[in-house]
Amino acid sequence: MTFSMYDASVPVFKQILTSLSAIIDKAEAHATEKKIEPAALLQARLYPDMFPFLRQVQVAADFAKGCCARLAGVDVPRYDDTEHTFADLKDRIAKTLAFIDGLPQDGIEASAQRDISTSSGANAKHFKGQVYLAHYALPHFYFHATTAYAILRHNGVEVGKKDFIGAF
């Protein structure tokens with residue numbers, strides 16, 4: 001049996017990012033219904049030394065686009081972190097989904113043994129593609145997506161496991 005780098009990456013990122021976008025809709029509706037200032041949810045954290053919800057979503061999107069770009073052998077697009085609203089976050093997710101949809105599947109399939117570097121200088125990390133995907137990018141992506149979900153759930157937004165997992 002062969003391991004499909006594409007199937008283990010792009011559909012997984014798309015599934016969770018799509019569900020995260022739907023969860024953002026629920027957060028916005030919750031804020032409106034309960035008369036909560038949106039910034040209270042957007043800046044909510046699970047603990048003071050953790051990123052707020054808004055940043056968790058940004059980083060999850062960054063791991064999805066960065067991983068897929070590196071696996072495809074293309075430059076990682078840079079997104080300015082200018083989001084301030086639920087709509088801005090949904091736009092970032094939509095932009096990320098469009099980017100990863102446009103990547104060549106054959107380039108990602110050929111990436112299992114490709115050398116992958118995550119940055120430069122003293123902070124550089126070097127992997128083979130399959131190790132990068134399975135042991136670095138996906139765990140980081142899931143951490144930030146899960147934490148975003150948990151922040152909203154902790155703050156009373158009615159979301160459950162099915163909301164997080166979404167459709168597959």
# chains A, B, ... in the order shown; residues from 1 in each chain; ligands from 1
$ residues_around --residues "Gln15 of chain A" --least-positions-apart "4" --cutoff "9 Å" --atoms "only C-alpha atoms" --output "list in words"
Val10, Pro11, Ser19, Leu20, Ile165, Gly166, Ala167 and Phe168 of chain A
$ closest_atom_pairs --of "segment 49-117 of chain A" --to "segment 143-150 of chain A" --cutoff "8 Å" --atoms "only C-alpha atoms" --output "Markdown table"
| residue | atom | partner | partner_atom | distance |
| --- | --- | --- | --- | --- |
| A:Pro52 | CA | A:Ala148 | CA | 8.0 |
| A:Phe53 | CA | A:Ala148 | CA | 5.1 |
| A:Leu54 | CA | A:Ala148 | CA | 7.8 |
| A:Gln56 | CA | A:His144 | CA | 5.1 |
| A:Val57 | CA | A:Ala148 | CA | 6.3 |
| A:Val59 | CA | A:His144 | CA | 6.6 |
| A:Ala60 | CA | A:His144 | CA | 5.3 |
$ write_last_selection --atoms "N, CA, C and O atoms" --output "PDB file, in the first residue's frame"
ATOM      1  N   PRO A  52      -4.545  34.401  21.685  1.00  0.00           N
ATOM      2  CA  PRO A  52      -6.000  34.539  21.687  1.00  0.00           C
ATOM      3  C   PRO A  52      -6.609  33.804  20.481  1.00  0.00           C
ATOM      4  O   PRO A  52      -5.907  33.404  19.548  1.00  0.00           O
ATOM      5  N   PHE A  53      -7.923  33.685  20.495  1.00  0.00           N
ATOM      6  CA  PHE A  53      -8.650  32.996  19.427  1.00  0.00           C
ATOM      7  C   PHE A  53      -8.226  33.487  18.043  1.00  0.00           C
ATOM      8  O   PHE A  53      -7.912  32.687  17.165  1.00  0.00           O
ATOM      9  N   LEU A  54      -8.225  34.794  17.840  1.00  0.00           N
ATOM     10  CA  LEU A  54      -7.883  35.358  16.538  1.00  0.00           C
ATOM     11  C   LEU A  54      -6.532  34.846  16.052  1.00  0.00           C
ATOM     12  O   LEU A  54      -6.387  34.404  14.904  1.00  0.00           O
ATOM     13  N   GLN A  56      -4.928  32.160  17.060  1.00  0.00           N
ATOM     14  CA  GLN A  56      -4.961  30.704  16.859  1.00  0.00           C
ATOM     15  C   GLN A  56      -5.452  30.383  15.447  1.00  0.00           C
ATOM     16  O   GLN A  56      -4.892  29.511  14.772  1.00  0.00           O
ATOM     17  N   VAL A  57      -6.467  31.095  14.991  1.00  0.00           N
ATOM     18  CA  VAL A  57      -6.987  30.875  13.634  1.00  0.00           C
ATOM     19  C   VAL A  57      -5.938  31.271  12.598  1.00  0.00           C
ATOM     20  O   VAL A  57      -5.720  30.549  11.616  1.00  0.00           O
ATOM     21  N   VAL A  59      -2.698  31.270  12.863  1.00  0.00           N
ATOM     22  CA  VAL A  59      -1.601  30.301  12.855  1.00  0.00           C
ATOM     23  C   VAL A  59      -2.046  28.976  12.242  1.00  0.00           C
ATOM     24  O   VAL A  59      -1.283  28.348  11.491  1.00  0.00           O
ATOM     25  N   ALA A  60      -3.267  28.542  12.516  1.00  0.00           N
ATOM     26  CA  ALA A  60      -3.768  27.317  11.882  1.00  0.00           C
ATOM     27  C   ALA A  60      -3.759  27.473  10.367  1.00  0.00           C
ATOM     28  O   ALA A  60      -3.292  26.582   9.638  1.00  0.00           O
TER      29      ALA A  60
END
$ closest_residue --among "A:Ala134, A:Phe127, A:Ala61, A:Asp81" --to "Phe99 of chain A" --atoms "only C-alpha atoms"
A:Ala61
$ residues_around --residues "Ala8 of chain A" --least-positions-apart "3" --cutoff "10 Å" --atoms "only C-alpha atoms" --output "MDAnalysis selection string"
chainID A and resid 3:5 11:13 109 130 133:134 138
$ write_last_selection --atoms "N, CA and C atoms" --output "JSON list (two decimals), in the first residue's frame"
[["chain", "number", "residue", "atom", "x", "y", "z"],
["A", 3, "PHE", "N", 1.54, 5.38, 0.47],
["A", 3, "PHE", "CA", 1.11, 6.48, 1.31],
["A", 3, "PHE", "C", 0.95, 7.70, 0.42],
["A", 4, "SER", "N", -0.22, 8.26, 0.38],
["A", 4, "SER", "CA", -0.48, 9.43, -0.45],
["A", 4, "SER", "C", -0.23, 10.70, 0.36],
["A", 5, "MET", "N", 0.81, 11.41, -0.01],
["A", 5, "MET", "CA", 1.11, 12.68, 0.66],
["A", 5, "MET", "C", -0.02, 13.68, 0.44],
["A", 11, "PRO", "N", -6.74, 17.32, 1.77],
["A", 11, "PRO", "CA", -8.11, 17.11, 2.25],
["A", 11, "PRO", "C", -8.26, 17.29, 3.76],
["A", 12, "VAL", "N", -7.23, 16.96, 4.51],
["A", 12, "VAL", "CA", -7.27, 17.12, 5.97],
["A", 12, "VAL", "C", -7.32, 18.60, 6.33],
["A", 13, "PHE", "N", -6.44, 19.39, 5.72],
["A", 13, "PHE", "CA", -6.45, 20.83, 5.99],
["A", 13, "PHE", "C", -7.78, 21.45, 5.56],
["A", 109, "GLU", "N", 2.36, 14.89, -4.11],
["A", 109, "GLU", "CA", 2.55, 13.43, -4.07],
["A", 109, "GLU", "C", 4.04, 13.07, -4.08],
["A", 130, "GLN", "N", 7.60, 13.53, 4.35],
["A", 130, "GLN", "CA", 6.63, 12.74, 5.11],
["A", 130, "GLN", "C", 6.77, 12.97, 6.61],
["A", 133, "LEU", "N", 5.31, 16.46, 7.39],
["A", 133, "LEU", "CA", 3.85, 16.46, 7.41],
["A", 133, "LEU", "C", 3.31, 15.79, 8.68],
["A", 134, "ALA", "N", 3.75, 14.55, 8.91],
["A", 134, "ALA", "CA", 3.16, 13.74, 9.98],
["A", 134, "ALA", "C", 3.58, 14.14, 11.38],
["A", 138, "LEU", "N", 1.19, 18.74, 10.76],
["A", 138, "LEU", "CA", -0.15, 18.36, 11.21],
["A", 138, "LEU", "C", -0.34, 18.52, 12.72]]
$ atom_distance --atom1 "atom CA of Ala94 of chain A" --atom2 "atom CA of Leu17 of chain A"
8.6 Å
$ closest_atom_pairs --of "segment 56-139 of chain A" --to "segment 29-43 of chain A" --cutoff "10 Å" --atoms "only C-alpha atoms" --output "JSON lines"
{"residue": "A:Gln56", "atom": "CA", "partner": "A:Leu42", "partner_atom": "CA", "distance": 9.7}
{"residue": "A:Val57", "atom": "CA", "partner": "A:Leu42", "partner_atom": "CA", "distance": 9.7}
{"residue": "A:Glu83", "atom": "CA", "partner": "A:Leu42", "partner_atom": "CA", "distance": 10.0}
{"residue": "A:His84", "atom": "CA", "partner": "A:Leu42", "partner_atom": "CA", "distance": 7.8}
{"residue": "A:Thr85", "atom": "CA", "partner": "A:Leu42", "partner_atom": "CA", "distance": 7.4}
{"residue": "A:Phe86", "atom": "CA", "partner": "A:Leu42", "partner_atom": "CA", "distance": 7.6}
{"residue": "A:Leu89", "atom": "CA", "partner": "A:Leu42", "partner_atom": "CA", "distance": 9.7}
$ closest_residue --among "A:Val157, A:Ile116, A:Ile108, A:Cys67" --to "Pro139 of chain A" --atoms "only C-alpha atoms"
A:Cys67
$ residues_around --residues "Ser117 of chain A" --least-positions-apart "2" --cutoff "12 Å" --atoms "only C-alpha atoms" --output "PyMOL selection string"
chain A and resi 66-67+69-71+73+75-76+114-115+119-129+131-133+136-137
$ select_by_dssp --residues "segment 20-144 of chain A" --states "alpha helix (DSSP H)" --output "count of residues only"
70
$ atom_distance --atom1 "atom CA of Leu97 of chain A" --atom2 "atom CA of Ala64 of chain A"
8.6 Å
$ closest_residue --among "A:Thr96, A:Gln58, A:Thr18, A:Ser9" --to "Ala72 of chain A" --atoms "only C-alpha atoms"
A:Ser9
$ closest_residue --among "A:Asp49, A:Lys65, A:Lys14, A:Val74" --to "Gly107 of chain A" --atoms "only C-alpha atoms"
A:Val74
$ closest_residue --among "A:Phe164, A:Thr2, A:Asp91, A:Ala27" --to "Leu152 of chain A" --atoms "only C-alpha atoms"
A:Ala27
$ decode --residues "segment 95-133 of chain A" --atoms "N, CA and C atoms" --output "PDB file, in the first residue's frame"
ATOM      1  N   LYS A  95      -9.069  32.383   1.676  1.00  0.00           N
ATOM      2  CA  LYS A  95      -7.857  32.621   0.877  1.00  0.00           C
ATOM      3  C   LYS A  95      -6.911  31.428   0.991  1.00  0.00           C
ATOM      4  N   THR A  96      -6.806  30.867   2.181  1.00  0.00           N
ATOM      5  CA  THR A  96      -5.951  29.700   2.388  1.00  0.00           C
ATOM      6  C   THR A  96      -6.489  28.500   1.621  1.00  0.00           C
ATOM      7  N   LEU A  97      -7.787  28.274   1.699  1.00  0.00           N
ATOM      8  CA  LEU A  97      -8.394  27.151   0.970  1.00  0.00           C
ATOM      9  C   LEU A  97      -8.200  27.306  -0.537  1.00  0.00           C
ATOM     10  N   ALA A  98      -8.366  28.511  -1.046  1.00  0.00           N
ATOM     11  CA  ALA A  98      -8.162  28.737  -2.485  1.00  0.00           C
ATOM     12  C   ALA A  98      -6.709  28.471  -2.871  1.00  0.00           C
ATOM     13  N   PHE A  99      -5.785  28.891  -2.025  1.00  0.00           N
ATOM     14  CA  PHE A  99      -4.367  28.663  -2.312  1.00  0.00           C
ATOM     15  C   PHE A  99      -4.055  27.171  -2.367  1.00  0.00           C
ATOM     16  N   ILE A 100      -4.461  26.421  -1.343  1.00  0.00           N
ATOM     17  CA  ILE A 100      -4.097  25.007  -1.329  1.00  0.00           C
ATOM     18  C   ILE A 100      -4.836  24.230  -2.416  1.00  0.00           C
ATOM     19  N   ASP A 101      -6.037  24.689  -2.792  1.00  0.00           N
ATOM     20  CA  ASP A 101      -6.753  24.055  -3.907  1.00  0.00           C
ATOM     21  C   ASP A 101      -6.008  24.229  -5.227  1.00  0.00           C
ATOM     22  N   GLY A 102      -5.259  25.308  -5.349  1.00  0.00           N
ATOM     23  CA  GLY A 102      -4.561  25.600  -6.593  1.00  0.00           C
ATOM     24  C   GLY A 102      -3.195  24.950  -6.729  1.00  0.00           C
ATOM     25  N   LEU A 103      -2.757  24.223  -5.721  1.00  0.00           N
ATOM     26  CA  LEU A 103      -1.432  23.599  -5.775  1.00  0.00           C
ATOM     27  C   LEU A 103      -1.466  22.315  -6.597  1.00  0.00           C
ATOM     28  N   PRO A 104      -0.355  22.008  -7.262  1.00  0.00           N
ATOM     29  CA  PRO A 104      -0.316  20.800  -8.092  1.00  0.00           C
ATOM     30  C   PRO A 104      -0.282  19.530  -7.239  1.00  0.00           C
ATOM     31  N   GLN A 105      -1.263  18.672  -7.444  1.00  0.00           N
ATOM     32  CA  GLN A 105      -1.346  17.430  -6.681  1.00  0.00           C
ATOM     33  C   GLN A 105      -0.110  16.571  -6.888  1.00  0.00           C
ATOM     34  N   ASP A 106       0.397  16.521  -8.111  1.00  0.00           N
ATOM     35  CA  ASP A 106       1.569  15.675  -8.373  1.00  0.00           C
ATOM     36  C   ASP A 106       2.804  16.170  -7.632  1.00  0.00           C
ATOM     37  N   GLY A 107       2.929  17.470  -7.451  1.00  0.00           N
ATOM     38  CA  GLY A 107       4.052  18.009  -6.686  1.00  0.00           C
ATOM     39  C   GLY A 107       3.997  17.600  -5.229  1.00  0.00           C
ATOM     40  N   ILE A 108       2.796  17.591  -4.667  1.00  0.00           N
ATOM     41  CA  ILE A 108       2.631  17.177  -3.279  1.00  0.00           C
ATOM     42  C   ILE A 108       2.864  15.673  -3.153  1.00  0.00           C
ATOM     43  N   GLU A 109       2.355  14.888  -4.108  1.00  0.00           N
ATOM     44  CA  GLU A 109       2.553  13.431  -4.066  1.00  0.00           C
ATOM     45  C   GLU A 109       4.035  13.066  -4.077  1.00  0.00           C
ATOM     46  N   ALA A 110       4.833  13.857  -4.773  1.00  0.00           N
ATOM     47  CA  ALA A 110       6.264  13.555  -4.916  1.00  0.00           C
ATOM     48  C   ALA A 110       7.104  14.063  -3.751  1.00  0.00           C
ATOM     49  N   SER A 111       6.470  14.519  -2.685  1.00  0.00           N
ATOM     50  CA  SER A 111       7.205  15.222  -1.632  1.00  0.00           C
ATOM     51  C   SER A 111       7.664  14.372  -0.460  1.00  0.00           C
ATOM     52  N   ALA A 112       7.340  13.095  -0.421  1.00  0.00           N
ATOM     53  CA  ALA A 112       7.632  12.275   0.769  1.00  0.00           C
ATOM     54  C   ALA A 112       9.101  12.315   1.161  1.00  0.00           C
ATOM     55  N   GLN A 113       9.992  12.301   0.200  1.00  0.00           N
ATOM     56  CA  GLN A 113      11.428  12.308   0.494  1.00  0.00           C
ATOM     57  C   GLN A 113      12.097  13.638   0.162  1.00  0.00           C
ATOM     58  N   ARG A 114      11.285  14.635  -0.200  1.00  0.00           N
ATOM     59  CA  ARG A 114      11.824  15.963  -0.507  1.00  0.00           C
ATOM     60  C   ARG A 114      12.352  16.604   0.770  1.00  0.00           C
ATOM     61  N   ASP A 115      13.467  17.310   0.667  1.00  0.00           N
ATOM     62  CA  ASP A 115      13.989  18.062   1.804  1.00  0.00           C
ATOM     63  C   ASP A 115      13.105  19.277   2.034  1.00  0.00           C
ATOM     64  N   ILE A 116      12.690  19.450   3.282  1.00  0.00           N
ATOM     65  CA  ILE A 116      11.820  20.562   3.678  1.00  0.00           C
ATOM     66  C   ILE A 116      12.519  21.335   4.789  1.00  0.00           C
ATOM     67  N   SER A 117      12.564  22.648   4.636  1.00  0.00           N
ATOM     68  CA  SER A 117      13.078  23.521   5.690  1.00  0.00           C
ATOM     69  C   SER A 117      11.981  24.497   6.071  1.00  0.00           C
ATOM     70  N   THR A 118      11.850  24.759   7.354  1.00  0.00           N
ATOM     71  CA  THR A 118      10.771  25.629   7.804  1.00  0.00           C
ATOM     72  C   THR A 118      11.155  27.088   7.959  1.00  0.00           C
ATOM     73  N   SER A 119      12.415  27.380   8.099  1.00  0.00           N
ATOM     74  CA  SER A 119      12.860  28.767   8.201  1.00  0.00           C
ATOM     75  C   SER A 119      14.353  28.794   7.917  1.00  0.00           C
ATOM     76  N   SER A 120      14.971  29.918   8.212  1.00  0.00           N
ATOM     77  CA  SER A 120      16.415  30.015   7.977  1.00  0.00           C
ATOM     78  C   SER A 120      17.128  30.416   9.262  1.00  0.00           C
ATOM     79  N   GLY A 121      18.426  30.355   9.215  1.00  0.00           N
ATOM     80  CA  GLY A 121      19.214  30.768  10.365  1.00  0.00           C
ATOM     81  C   GLY A 121      19.193  29.756  11.495  1.00  0.00           C
ATOM     82  N   ALA A 122      19.364  30.264  12.701  1.00  0.00           N
ATOM     83  CA  ALA A 122      19.471  29.401  13.882  1.00  0.00           C
ATOM     84  C   ALA A 122      18.178  28.653  14.188  1.00  0.00           C
ATOM     85  N   ASN A 123      17.033  29.176  13.729  1.00  0.00           N
ATOM     86  CA  ASN A 123      15.745  28.532  14.006  1.00  0.00           C
ATOM     87  C   ASN A 123      15.317  27.537  12.939  1.00  0.00           C
ATOM     88  N   ALA A 124      16.163  27.301  11.947  1.00  0.00           N
ATOM     89  CA  ALA A 124      15.788  26.408  10.849  1.00  0.00           C
ATOM     90  C   ALA A 124      15.582  24.985  11.341  1.00  0.00           C
ATOM     91  N   LYS A 125      14.552  24.362  10.776  1.00  0.00           N
ATOM     92  CA  LYS A 125      14.278  22.954  11.031  1.00  0.00           C
ATOM     93  C   LYS A 125      14.274  22.267   9.675  1.00  0.00           C
ATOM     94  N   HIS A 126      14.886  21.078   9.611  1.00  0.00           N
ATOM     95  CA  HIS A 126      15.013  20.362   8.346  1.00  0.00           C
ATOM     96  C   HIS A 126      14.408  18.972   8.486  1.00  0.00           C
ATOM     97  N   PHE A 127      13.614  18.594   7.495  1.00  0.00           N
ATOM     98  CA  PHE A 127      12.894  17.324   7.508  1.00  0.00           C
ATOM     99  C   PHE A 127      12.875  16.731   6.105  1.00  0.00           C
ATOM    100  N   LYS A 128      12.484  15.489   6.017  1.00  0.00           N
ATOM    101  CA  LYS A 128      11.996  14.902   4.786  1.00  0.00           C
ATOM    102  C   LYS A 128      10.486  15.152   4.776  1.00  0.00           C
ATOM    103  N   GLY A 129       9.903  15.226   3.617  1.00  0.00           N
ATOM    104  CA  GLY A 129       8.506  15.618   3.484  1.00  0.00           C
ATOM    105  C   GLY A 129       7.522  14.855   4.343  1.00  0.00           C
ATOM    106  N   GLN A 130       7.603  13.527   4.352  1.00  0.00           N
ATOM    107  CA  GLN A 130       6.634  12.741   5.106  1.00  0.00           C
ATOM    108  C   GLN A 130       6.773  12.975   6.610  1.00  0.00           C
ATOM    109  N   VAL A 131       7.990  13.087   7.091  1.00  0.00           N
ATOM    110  CA  VAL A 131       8.216  13.369   8.510  1.00  0.00           C
ATOM    111  C   VAL A 131       7.717  14.771   8.846  1.00  0.00           C
ATOM    112  N   TYR A 132       7.996  15.724   7.972  1.00  0.00           N
ATOM    113  CA  TYR A 132       7.518  17.097   8.170  1.00  0.00           C
ATOM    114  C   TYR A 132       6.000  17.132   8.302  1.00  0.00           C
ATOM    115  N   LEU A 133       5.308  16.461   7.389  1.00  0.00           N
ATOM    116  CA  LEU A 133       3.846  16.461   7.414  1.00  0.00           C
ATOM    117  C   LEU A 133       3.315  15.787   8.675  1.00  0.00           C
TER     118      LEU A 133
END
